[in-house]
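data_27.cif (mmCIF, C-alpha atoms and all ligand atoms) appears below.
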data_coords
#
loop_
_atom_site.label_atom_id
_atom_site.label_comp_id
_atom_site.auth_asym_id
_atom_site.auth_seq_id
_atom_site.Cartn_x
_atom_site.Cartn_y
_atom_site.Cartn_z
CA MET A 29 8.27 -14.53 4.92
CA SER A 30 7.55 -15.93 8.37
CA GLU A 31 7.36 -13.42 11.19
CA ARG A 32 10.27 -14.98 13.02
CA ALA A 33 12.75 -15.92 10.34
CA GLY A 34 15.20 -18.78 10.82
CA ARG A 35 18.61 -18.10 12.31
CA ASN A 36 20.47 -18.90 9.14
CA GLY A 37 18.95 -16.46 6.72
CA GLY A 38 15.32 -16.49 5.72
CA GLY A 39 15.51 -12.76 5.07
CA ALA A 40 16.26 -11.61 8.62
CA VAL A 41 19.47 -9.60 8.90
CA LEU A 42 18.95 -8.59 12.53
CA GLU A 43 17.21 -10.53 15.28
CA LEU A 44 16.88 -9.47 18.88
CA HIS A 45 15.71 -12.15 21.29
CA ASP A 46 14.63 -11.15 24.79
CA LEU A 47 17.27 -8.40 24.84
CA SER A 48 17.79 -6.57 28.12
CA VAL A 49 20.27 -3.85 29.03
CA ARG A 50 21.08 -2.64 32.54
CA ILE A 51 23.17 0.49 32.99
CA PRO A 52 25.00 1.12 36.29
CA VAL A 53 24.12 4.37 38.04
CA SER A 54 25.30 5.89 41.34
CA GLY A 55 24.76 4.13 44.66
CA GLY A 56 25.24 0.65 43.24
CA ARG A 57 21.90 0.88 41.44
CA TRP A 58 20.99 -0.11 37.90
CA VAL A 59 18.67 1.35 35.27
CA GLU A 60 16.95 -1.31 33.20
CA ALA A 61 16.90 0.78 30.01
CA VAL A 62 15.82 -2.17 27.84
CA GLY A 63 13.71 -4.94 29.34
CA GLY A 64 13.23 -8.05 27.21
CA VAL A 65 12.86 -6.90 23.60
CA THR A 66 12.24 -9.38 20.77
CA LEU A 67 12.36 -7.85 17.30
CA THR A 68 13.40 -8.79 13.76
CA VAL A 69 14.56 -6.63 10.83
CA GLY A 70 14.56 -8.18 7.36
CA SER A 71 16.79 -7.41 4.41
CA ALA A 72 15.63 -4.22 2.63
CA GLU A 73 13.09 -3.66 5.39
CA ILE A 74 12.72 -0.47 7.42
CA VAL A 75 11.43 -1.03 10.93
CA GLY A 76 10.48 2.03 12.94
CA LEU A 77 11.20 2.02 16.67
CA VAL A 78 9.02 4.67 18.24
CA GLY A 79 8.27 5.92 21.74
CA GLU A 80 8.66 8.91 24.02
CA SER A 81 12.02 10.15 25.21
CA GLY A 82 13.56 7.91 27.89
CA CYS A 83 11.89 4.69 26.70
CA GLY A 84 15.20 2.98 25.84
CA LYS A 85 15.34 3.41 22.05
CA SER A 86 18.90 4.74 21.87
CA THR A 87 20.12 2.20 24.41
CA LEU A 88 18.64 -0.56 22.23
CA GLY A 89 20.52 0.88 19.24
CA GLY A 90 23.69 1.12 21.35
CA ALA A 91 23.37 -2.54 22.37
CA ILE A 92 23.26 -3.54 18.69
CA MET A 93 26.24 -1.32 17.83
CA GLY A 94 28.27 -2.49 20.85
CA LEU A 95 28.30 1.11 22.10
CA LEU A 96 26.92 1.15 25.65
CA PRO A 97 27.97 3.05 28.77
CA GLY A 98 30.84 1.31 30.60
CA GLY A 99 29.78 -1.46 32.96
CA SER A 100 26.44 -2.08 31.20
CA ARG A 101 25.09 -5.63 31.35
CA VAL A 102 23.40 -7.16 28.34
CA ALA A 103 21.22 -10.29 28.39
CA GLY A 104 19.47 -12.07 25.53
CA GLU A 105 20.64 -12.32 21.93
CA VAL A 106 21.63 -9.88 19.19
CA LEU A 107 21.96 -11.86 15.96
CA LEU A 108 23.50 -10.26 12.88
CA ARG A 109 22.77 -12.58 9.96
CA GLY A 110 22.51 -15.35 12.55
CA GLN A 111 25.77 -14.54 14.37
CA ASP A 112 25.45 -13.56 18.04
CA LEU A 113 27.18 -10.23 18.66
CA ARG A 114 26.76 -10.30 22.41
CA GLY A 115 30.04 -10.73 24.21
CA LEU A 116 32.05 -9.96 21.07
CA ALA A 117 35.51 -8.52 21.87
CA GLU A 118 35.86 -4.77 21.21
CA GLU A 119 38.43 -5.52 18.52
CA ASP A 120 35.97 -7.76 16.66
CA TYR A 121 33.20 -5.21 17.11
CA ARG A 122 35.42 -2.54 15.57
CA ARG A 123 35.82 -4.73 12.52
CA ILE A 124 32.08 -5.09 11.89
CA ARG A 125 31.10 -1.55 12.92
CA GLY A 126 31.05 0.61 9.81
CA ASP A 127 31.17 -2.55 7.71
CA ASP A 128 28.35 -5.06 8.40
CA ILE A 129 26.56 -2.69 10.73
CA ALA A 130 26.48 1.10 10.64
CA LEU A 131 25.02 4.02 12.58
CA VAL A 132 23.55 7.37 11.58
CA SER A 133 22.73 9.51 14.59
CA GLN A 134 20.88 12.75 15.21
CA ASP A 135 23.74 15.24 14.98
CA PRO A 136 25.77 14.98 11.75
CA SER A 137 28.36 17.45 13.10
CA ALA A 138 29.20 15.06 15.92
CA SER A 139 29.77 12.23 13.41
CA LEU A 140 32.15 14.24 11.21
CA ASP A 141 35.65 15.48 11.95
CA PRO A 142 35.40 19.29 11.64
CA THR A 143 38.99 19.65 10.38
CA PHE A 144 38.93 17.00 7.69
CA PRO A 145 37.54 17.18 4.09
CA VAL A 146 34.18 15.40 3.86
CA GLY A 147 35.21 13.31 0.88
CA ALA A 148 38.30 12.05 2.68
CA GLN A 149 36.09 11.02 5.60
CA VAL A 150 33.96 8.88 3.29
CA ALA A 151 37.10 7.45 1.64
CA GLU A 152 38.48 6.63 5.09
CA ALA A 153 35.27 4.77 5.97
CA ILE A 154 35.99 2.56 2.94
CA ARG A 155 39.72 2.09 3.61
CA ASN A 156 39.08 1.20 7.26
CA HIS A 157 37.41 -1.99 6.04
CA ARG A 158 38.56 -2.60 2.47
CA ASP A 159 41.99 -3.19 1.05
CA VAL A 160 41.73 -0.68 -1.79
CA SER A 161 44.07 2.00 -3.10
CA ARG A 162 43.69 5.64 -2.07
CA ARG A 163 42.71 6.44 -5.61
CA ALA A 164 40.01 3.73 -5.78
CA ALA A 165 38.63 4.82 -2.38
CA ARG A 166 38.56 8.42 -3.57
CA GLU A 167 36.68 7.51 -6.74
CA ARG A 168 34.17 5.47 -4.79
CA ALA A 169 33.75 8.30 -2.23
CA VAL A 170 33.01 10.83 -5.00
CA GLU A 171 30.47 8.40 -6.45
CA LEU A 172 28.85 7.95 -3.01
CA LEU A 173 28.66 11.73 -2.51
CA ARG A 174 26.94 11.96 -5.88
CA VAL A 175 24.49 9.17 -4.98
CA VAL A 176 23.46 10.91 -1.74
CA GLY A 177 22.80 14.13 -3.65
CA ILE A 178 25.84 16.34 -3.00
CA PRO A 179 25.98 18.65 -6.04
CA ASP A 180 29.33 18.76 -7.87
CA PRO A 181 30.84 16.04 -5.60
CA GLY A 182 34.29 16.10 -7.25
CA ALA A 183 34.74 19.73 -6.25
CA ARG A 184 33.02 19.47 -2.85
CA TYR A 185 35.17 16.43 -1.88
CA ALA A 186 37.86 18.66 -0.36
CA ASP A 187 35.52 20.96 1.60
CA PRO A 188 35.39 20.65 5.40
CA PRO A 189 32.01 19.95 7.08
CA HIS A 190 31.34 23.60 8.06
CA ARG A 191 30.90 24.49 4.37
CA PHE A 192 27.77 22.29 4.30
CA SER A 193 24.25 22.80 5.62
CA GLY A 194 22.86 20.41 8.26
CA GLY A 195 20.96 18.43 5.63
CA MET A 196 24.01 18.18 3.35
CA LYS A 197 26.17 17.08 6.30
CA GLN A 198 23.67 14.34 7.12
CA ARG A 199 23.91 13.21 3.47
CA VAL A 200 27.68 12.89 3.90
CA VAL A 201 27.18 10.85 7.09
CA ILE A 202 24.77 8.57 5.20
CA ALA A 203 27.32 8.18 2.38
CA ALA A 204 29.97 7.09 4.92
CA ALA A 205 27.53 4.77 6.74
CA LEU A 206 26.48 3.03 3.53
CA ALA A 207 29.99 3.00 2.00
CA ASN A 208 30.55 -0.69 2.74
CA ASP A 209 26.99 -1.90 2.02
CA PRO A 210 26.13 -2.80 5.64
CA ALA A 211 23.63 -5.58 6.34
CA VAL A 212 22.10 -3.41 9.06
CA LEU A 213 21.81 0.34 9.55
CA ILE A 214 20.77 1.86 12.87
CA ALA A 215 19.38 5.34 12.22
CA ASP A 216 18.80 7.08 15.58
CA GLU A 217 16.62 10.18 15.10
CA PRO A 218 18.49 10.87 11.81
CA THR A 219 16.31 13.83 10.83
CA THR A 220 15.25 15.26 14.20
CA ALA A 221 17.70 18.18 13.95
CA LEU A 222 16.64 19.10 10.39
CA ASP A 223 13.75 21.21 9.13
CA VAL A 224 10.67 19.43 7.86
CA THR A 225 11.29 19.71 4.09
CA ILE A 226 14.89 18.51 4.39
CA GLN A 227 13.71 15.79 6.77
CA ALA A 228 11.44 14.27 4.11
CA GLN A 229 14.23 14.38 1.49
CA ILE A 230 16.70 12.63 3.78
CA LEU A 231 14.16 9.97 4.77
CA HIS A 232 13.35 9.18 1.17
CA LEU A 233 17.04 9.07 0.30
CA LEU A 234 17.62 6.59 3.14
CA ARG A 235 14.72 4.50 1.97
CA ASP A 236 15.86 4.42 -1.69
CA LEU A 237 19.47 3.56 -0.89
CA THR A 238 18.79 0.88 1.72
CA VAL A 239 16.04 -0.85 -0.24
CA ARG A 240 18.32 -0.95 -3.28
CA SER A 241 21.26 -2.42 -1.36
CA GLY A 242 19.15 -4.81 0.74
CA THR A 243 20.24 -3.14 3.99
CA GLY A 244 17.84 -3.67 6.90
CA VAL A 245 17.15 -0.45 8.80
CA LEU A 246 16.11 0.13 12.38
CA LEU A 247 14.81 3.70 12.28
CA ILE A 248 14.59 5.16 15.77
CA THR A 249 12.28 8.14 16.19
CA HIS A 250 9.86 9.76 18.60
CA ASP A 251 7.83 10.92 15.58
CA LEU A 252 5.08 8.68 14.18
CA GLY A 253 4.97 10.94 11.10
CA VAL A 254 8.48 9.75 10.23
CA VAL A 255 7.36 6.13 10.64
CA ALA A 256 4.36 6.72 8.37
CA GLN A 257 6.60 8.20 5.65
CA VAL A 258 9.15 5.42 5.23
CA CYS A 259 8.73 2.38 7.47
CA ASP A 260 7.37 -1.05 6.60
CA ARG A 261 6.83 -2.19 10.16
CA VAL A 262 6.77 -0.42 13.49
CA ALA A 263 7.64 -1.39 17.05
CA VAL A 264 6.25 0.81 19.81
CA MET A 265 8.54 1.03 22.83
CA TYR A 266 7.41 2.05 26.28
CA ALA A 267 9.58 2.06 29.42
CA GLY A 268 12.16 -0.31 27.94
CA GLN A 269 9.73 -2.78 26.38
CA VAL A 270 8.10 -3.22 22.98
CA VAL A 271 4.38 -3.04 23.78
CA GLU A 272 3.09 -3.39 20.22
CA GLN A 273 4.52 -4.27 16.80
CA GLY A 274 3.12 -4.87 13.36
CA THR A 275 2.95 -3.46 9.85
CA VAL A 276 2.70 0.33 9.70
CA ARG A 277 -0.59 0.04 7.84
CA GLU A 278 -2.12 -2.22 10.48
CA VAL A 279 -0.80 -0.44 13.57
CA PHE A 280 -1.82 3.02 12.31
CA ALA A 281 -5.28 1.88 11.18
CA HIS A 282 -5.98 -0.33 14.22
CA PRO A 283 -3.70 0.55 17.13
CA SER A 284 -4.20 -2.13 19.79
CA HIS A 285 -2.22 -0.84 22.75
CA PRO A 286 -3.56 2.17 24.69
CA TYR A 287 -0.03 3.65 24.56
CA THR A 288 0.05 3.40 20.75
CA ARG A 289 -3.35 5.11 20.63
CA ALA A 290 -2.16 7.85 22.95
CA LEU A 291 0.98 8.39 20.84
CA LEU A 292 -1.08 8.61 17.64
CA GLU A 293 -3.44 11.11 19.26
CA SER A 294 -0.54 13.25 20.47
CA GLN A 295 0.92 13.73 16.97
CA PRO A 296 0.63 17.34 15.73
CA ALA A 297 -0.83 16.41 12.32
CA ALA A 298 -3.96 15.10 14.01
CA HIS A 299 -4.72 18.50 15.50
CA HIS A 300 -5.08 22.12 14.59
CA ARG A 301 -1.71 23.79 14.21
CA SER A 302 -2.76 26.71 16.38
CA GLY A 303 -3.87 24.57 19.33
CA ASP A 304 -1.66 23.25 22.07
CA LEU A 305 -0.01 19.96 21.26
CA PRO A 306 -1.78 17.39 23.38
CA VAL A 307 0.61 15.33 25.45
CA ILE A 308 0.07 12.04 27.20
CA PRO A 309 -0.60 12.85 30.86
CA GLY A 310 2.00 11.56 33.32
CA ARG A 311 5.51 10.39 32.59
CA VAL A 312 7.65 7.39 31.77
CA PRO A 313 8.35 5.45 35.02
CA ASP A 314 11.78 5.46 36.66
CA LEU A 315 13.58 2.51 35.07
CA SER A 316 15.74 1.92 38.12
CA GLU A 317 12.56 0.53 39.69
CA PRO A 318 10.23 -0.46 36.85
CA PRO A 319 6.63 -1.34 37.82
CA ALA A 320 6.08 -5.07 38.29
CA GLY A 321 2.98 -5.30 36.08
CA CYS A 322 2.09 -3.35 32.94
CA ARG A 323 4.49 -0.41 32.84
CA PHE A 324 1.92 1.86 31.22
CA ALA A 325 -0.85 1.14 33.76
CA ALA A 326 -0.31 4.31 35.82
CA ARG A 327 -1.03 6.46 32.71
CA CYS A 328 -3.53 4.19 31.01
CA PRO A 329 -7.16 5.33 30.66
CA ARG A 330 -8.21 1.67 30.51
CA ALA A 331 -6.16 0.29 33.40
CA HIS A 332 -7.76 -2.46 35.47
CA ASP A 333 -6.81 -4.52 38.56
CA ARG A 334 -5.24 -7.26 36.47
CA CYS A 335 -2.71 -4.76 35.02
CA ALA A 336 -0.77 -5.23 38.26
CA ALA A 337 0.53 -8.44 36.67
CA PRO A 338 2.75 -8.42 33.53
CA PRO A 339 0.50 -8.45 30.45
CA PRO A 340 0.54 -11.44 28.06
CA GLU A 341 1.72 -10.94 24.48
CA ILE A 342 -1.22 -11.42 22.12
CA ARG A 343 -1.28 -11.86 18.36
CA THR A 344 -3.55 -9.22 16.79
CA ALA A 345 -6.09 -9.89 14.02
CA GLY A 346 -3.75 -8.07 11.61
CA GLY A 347 -0.79 -10.35 12.35
CA GLY A 348 1.01 -8.03 14.78
CA ARG A 349 1.64 -8.43 18.49
CA VAL A 350 0.44 -6.47 21.49
CA SER A 351 1.26 -6.83 25.18
CA CYS A 352 -1.92 -5.79 26.94
CA TRP A 353 -4.55 -7.42 29.15
CA LEU A 354 -7.33 -5.69 27.18
CA HIS A 355 -6.88 -8.18 24.35
CA HIS A 356 -6.48 -11.24 26.51
CA ASP A 357 -10.13 -12.29 26.36
CA THR A 358 -10.52 -11.88 22.63
CA ALA A 359 -7.34 -13.47 21.29
CA ARG A 360 -4.87 -16.28 21.81
CA GLU A 361 -1.55 -15.61 23.46
CA ALA A 362 1.26 -15.14 20.95
CA ARG A 363 3.67 -17.42 22.81
N1 LIG B 401 24.64 6.65 30.31
C1 LIG B 401 23.54 6.49 31.02
N2 LIG B 401 23.58 6.47 32.36
C2 LIG B 401 22.47 6.29 33.11
N3 LIG B 401 21.23 6.11 32.60
C3 LIG B 401 21.13 6.12 31.27
C4 LIG B 401 22.25 6.30 30.40
N4 LIG B 401 21.81 6.27 29.11
C5 LIG B 401 20.48 6.06 29.19
N5 LIG B 401 20.06 5.98 30.47
C6 LIG B 401 18.68 5.78 30.94
O1 LIG B 401 18.12 4.72 30.21
C7 LIG B 401 16.76 5.01 29.90
C8 LIG B 401 16.57 4.97 28.40
O2 LIG B 401 17.28 6.04 27.78
P1 LIG B 401 17.46 6.16 26.20
O3 LIG B 401 17.89 4.83 25.68
O4 LIG B 401 18.33 7.31 25.93
O5 LIG B 401 15.96 6.45 25.73
P2 LIG B 401 15.42 7.12 24.38
O6 LIG B 401 16.46 6.99 23.32
O7 LIG B 401 14.16 6.35 24.08
O8 LIG B 401 15.10 8.55 24.71
C9 LIG B 401 16.45 6.35 30.53
O9 LIG B 401 15.88 6.12 31.80
C10 LIG B 401 17.81 6.98 30.67
O10 LIG B 401 17.83 7.88 31.74
MG MG B 402 17.32 8.48 22.12
#
Please rewrite the model in this file as structure tokens.
Ligand SMILES: Nc1ncnc2c1ncn2[C@@H]1O[C@H](COP(=O)(O)OP(=O)(O)O)[C@@H](O)[C@H]1O
Ligand SMILES: [Mg+2]
Amino acid sequence: MSERAGRNGGGAVLELHDLSVRIPVSGGRWVEAVGGVTLTVGSAEIVGLVGESGCGKSTLGGAIMGLLPGGSRVAGEVLLRGQDLRGLAEEDYRRIRGDDIALVSQDPSASLDPTFPVGAQVAEAIRNHRDVSRRAARERAVELLRVVGIPDPGARYADPPHRFSGGMKQRVVIAAALANDPAVLIADEPTTALDVTIQAQILHLLRDLTVRSGTGVLLITHDLGVVAQVCDRVAVMYAGQVVEQGTVREVFAHPSHPYTRALLESQPAAHHRSGDLPVIPGRVPDLSEPPAGCRFAARCPRAHDRCAAPPPEIRTAGGGRVSCWLHHDTAREAR
């Protein structure tokens, strides 16, 4: 499959082209939470979107879902199976949300109605988009609860969310999200609130179900360990921009961007459990006034005078892309 698939299929279910999002803040100012992101997700592919807190990952997911703070301005393209979603009326967005495109977020309790049986919530997700009888929706919901690993789903159907553990609640949310076989699933930190053992189970469940149904997944996380467990490709986001992307194998074995290297070095698994977790010195720049050149330069151990200008995007030896002046002399520009 070509890296940038054609607009009418070719395996890509989601394509972002030069996507930017500005959010209004007080004093007539704007935060450029996403600044020119180009990214593709293929059918049955899981793409990890990784970066520190405040780098624009959730805003990117919100732009795809049509769920942004009021007054936000979006530029560029969001193509769902070739159809541009940007500028879609809220009514049309409501029709595709939960159908062609679905969201699983960090807190399952926030996604579920506390007063309503979990099974009925899954059945409702079906009936919101499909003209099926209550009975058929109920049968399908029980089947979905079984598929996501809820024991004795027929009996648990009528239980409200508080009778379930965090991990079991997240399974219910996944059942509802996948109820209509979406083309694209946005999973925003889906396991961050869960303990490590449950986290791995949920990630593998997500992987099995989406690969089987051909759903393309954008898996948002600040944790490279999560990416290593289930993703095919990874995009590293810093200060609103994707600074490096490629296959997980390639990016983990040969990280090209100094930020990717710093992120890999800051992961707990790479260090003794007893020691302090190393963090990347400095902080993500204020996105109401992003730096003109490389946004990572102020924290980069390899920064140079030329980093005052925006870095070119370079194709790496492994077929990925990196936006960094360091690679400018050794490779051709990617575009
Ligand atoms: N509703 C909002 N109002 C103002 N600024 C926001 C809002 N949501 C996000 N931002 C800003 O956008 C940037 C990206 O945030 P976010 O997308 O939440 O990052 P991440 O998910 O990577 O932690 C941050 O600077 C954040 O402060
Ligand atoms: Mg976030």
Please check which residues have atoms at most 12 Å from (29.5, -5.5, 11.7) in the file's coordinates, counting only C-alpha atoms, and write them as a short mmCIF file (atom, residue, chain, number, x, y, z; two decimals) with C-alpha atoms, in the coordinates of the input.
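Written file, out-v2.cif:
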data_model
loop_
_atom_site.label_atom_id
_atom_site.label_comp_id
_atom_site.auth_asym_id
_atom_site.auth_seq_id
_atom_site.Cartn_x
_atom_site.Cartn_y
_atom_site.Cartn_z
CA VAL A 41 19.47 -9.60 8.90
CA LEU A 42 18.95 -8.59 12.53
CA ILE A 92 23.26 -3.54 18.69
CA MET A 93 26.24 -1.32 17.83
CA GLY A 94 28.27 -2.49 20.85
CA VAL A 106 21.63 -9.88 19.19
CA LEU A 107 21.96 -11.86 15.96
CA LEU A 108 23.50 -10.26 12.88
CA ARG A 109 22.77 -12.58 9.96
CA GLN A 111 25.77 -14.54 14.37
CA ASP A 112 25.45 -13.56 18.04
CA LEU A 113 27.18 -10.23 18.66
CA LEU A 116 32.05 -9.96 21.07
CA GLU A 118 35.86 -4.77 21.21
CA GLU A 119 38.43 -5.52 18.52
CA ASP A 120 35.97 -7.76 16.66
CA TYR A 121 33.20 -5.21 17.11
CA ARG A 122 35.42 -2.54 15.57
CA ARG A 123 35.82 -4.73 12.52
CA ILE A 124 32.08 -5.09 11.89
CA ARG A 125 31.10 -1.55 12.92
CA GLY A 126 31.05 0.61 9.81
CA ASP A 127 31.17 -2.55 7.71
CA ASP A 128 28.35 -5.06 8.40
CA ILE A 129 26.56 -2.69 10.73
CA ALA A 130 26.48 1.10 10.64
CA LEU A 131 25.02 4.02 12.58
CA HIS A 157 37.41 -1.99 6.04
CA ALA A 205 27.53 4.77 6.74
CA ASN A 208 30.55 -0.69 2.74
CA ASP A 209 26.99 -1.90 2.02
CA PRO A 210 26.13 -2.80 5.64
CA ALA A 211 23.63 -5.58 6.34
CA VAL A 212 22.10 -3.41 9.06
CA LEU A 213 21.81 0.34 9.55
CA ILE A 214 20.77 1.86 12.87
#
key: Length of the CA of Gln134 in chain A to CA of Gln198 in chain A vector [Å]   =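 CA of Gln198 in chain A lies at a distance of 8.7 Å from CA of Gln134 in chain A.
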task = Return as a PyMOL selection string every polymer residue, whether protein, DNA or RNA, with at least one atom no more than 9 Å from an atom of ligand LIG 401 (chain B); count only C-alpha atoms and all ligand atoms.
result = chain A and resi 49-54+58-62+78-90+96-98+100+216-217+248-250+265-268+312-316
task = Figure out the distance between CA of Ile202 in chain A and CA of Arg277 in chain A, please, to one decimal in Å.
result =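 Taking CA of Arg277 in chain A as the start and CA of Ile202 in chain A as the end point, the length is 26.9 Å.
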request  = Would you please work out which residue, of A:Ala281, A:Val132, A:Val150, A:Ala186, is nearest to Leu172 in chain A when using only C-alpha atoms?
outcome  =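 Going through A:Ala281, A:Val132, A:Val150, A:Ala186 one by one, the smallest distance to Leu172 in chain A is for A:Val150.
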Box in all listed atoms of range 89-106 of chain A, axis-aligned, with 5 Å more on each side; write out centre and edge lengths in Å to one decimal as JSON.
{"center_x": 25.2, "center_y": -4.6, "center_z": 25.4, "size_x": 21.4, "size_y": 25.4, "size_z": 25.1}
message = Let me make sure I understand: among A:Leu47, A:Val176, A:Ala148, A:Ala337, which one has the smallest atom-to-atom distance to Gly63 in chain A if we use only C-alpha atoms?
response =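 For Gly63 in chain A, the nearest of the candidates is A:Leu47.
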query = How would you write as a count of residues only the residues that get within 12 Å of (26.4, 16.8, 13.9) in the file's frame, counting only C-alpha atoms?
reply = 29
Best match for closeness to ligand MG 402 (chain B) among A:Asp251, A:Asp333, A:Glu278, A:Glu293, counting all atoms listed in the file =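 Looking only at the distances to ligand MG 402 (chain B), the closest residue turns out to be A:Asp251.
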query = With all atoms listed in the file as the basis for distance, which of A:Ala326, A:Ala331, A:Leu247, A:Gly182 is at the shortest distance from ligand MG 402 (chain B)?
reply =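 Looking at the shortest contact to ligand MG 402 (chain B), the residue is A:Leu247.
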task = Would you work out the distance separating CA of Leu173 in chain A from CA of Ala204 in chain A, expressed in Å to one decimal?
result =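 One can read the CA of Leu173 in chain A to CA of Ala204 in chain A distance as 8.9 Å.
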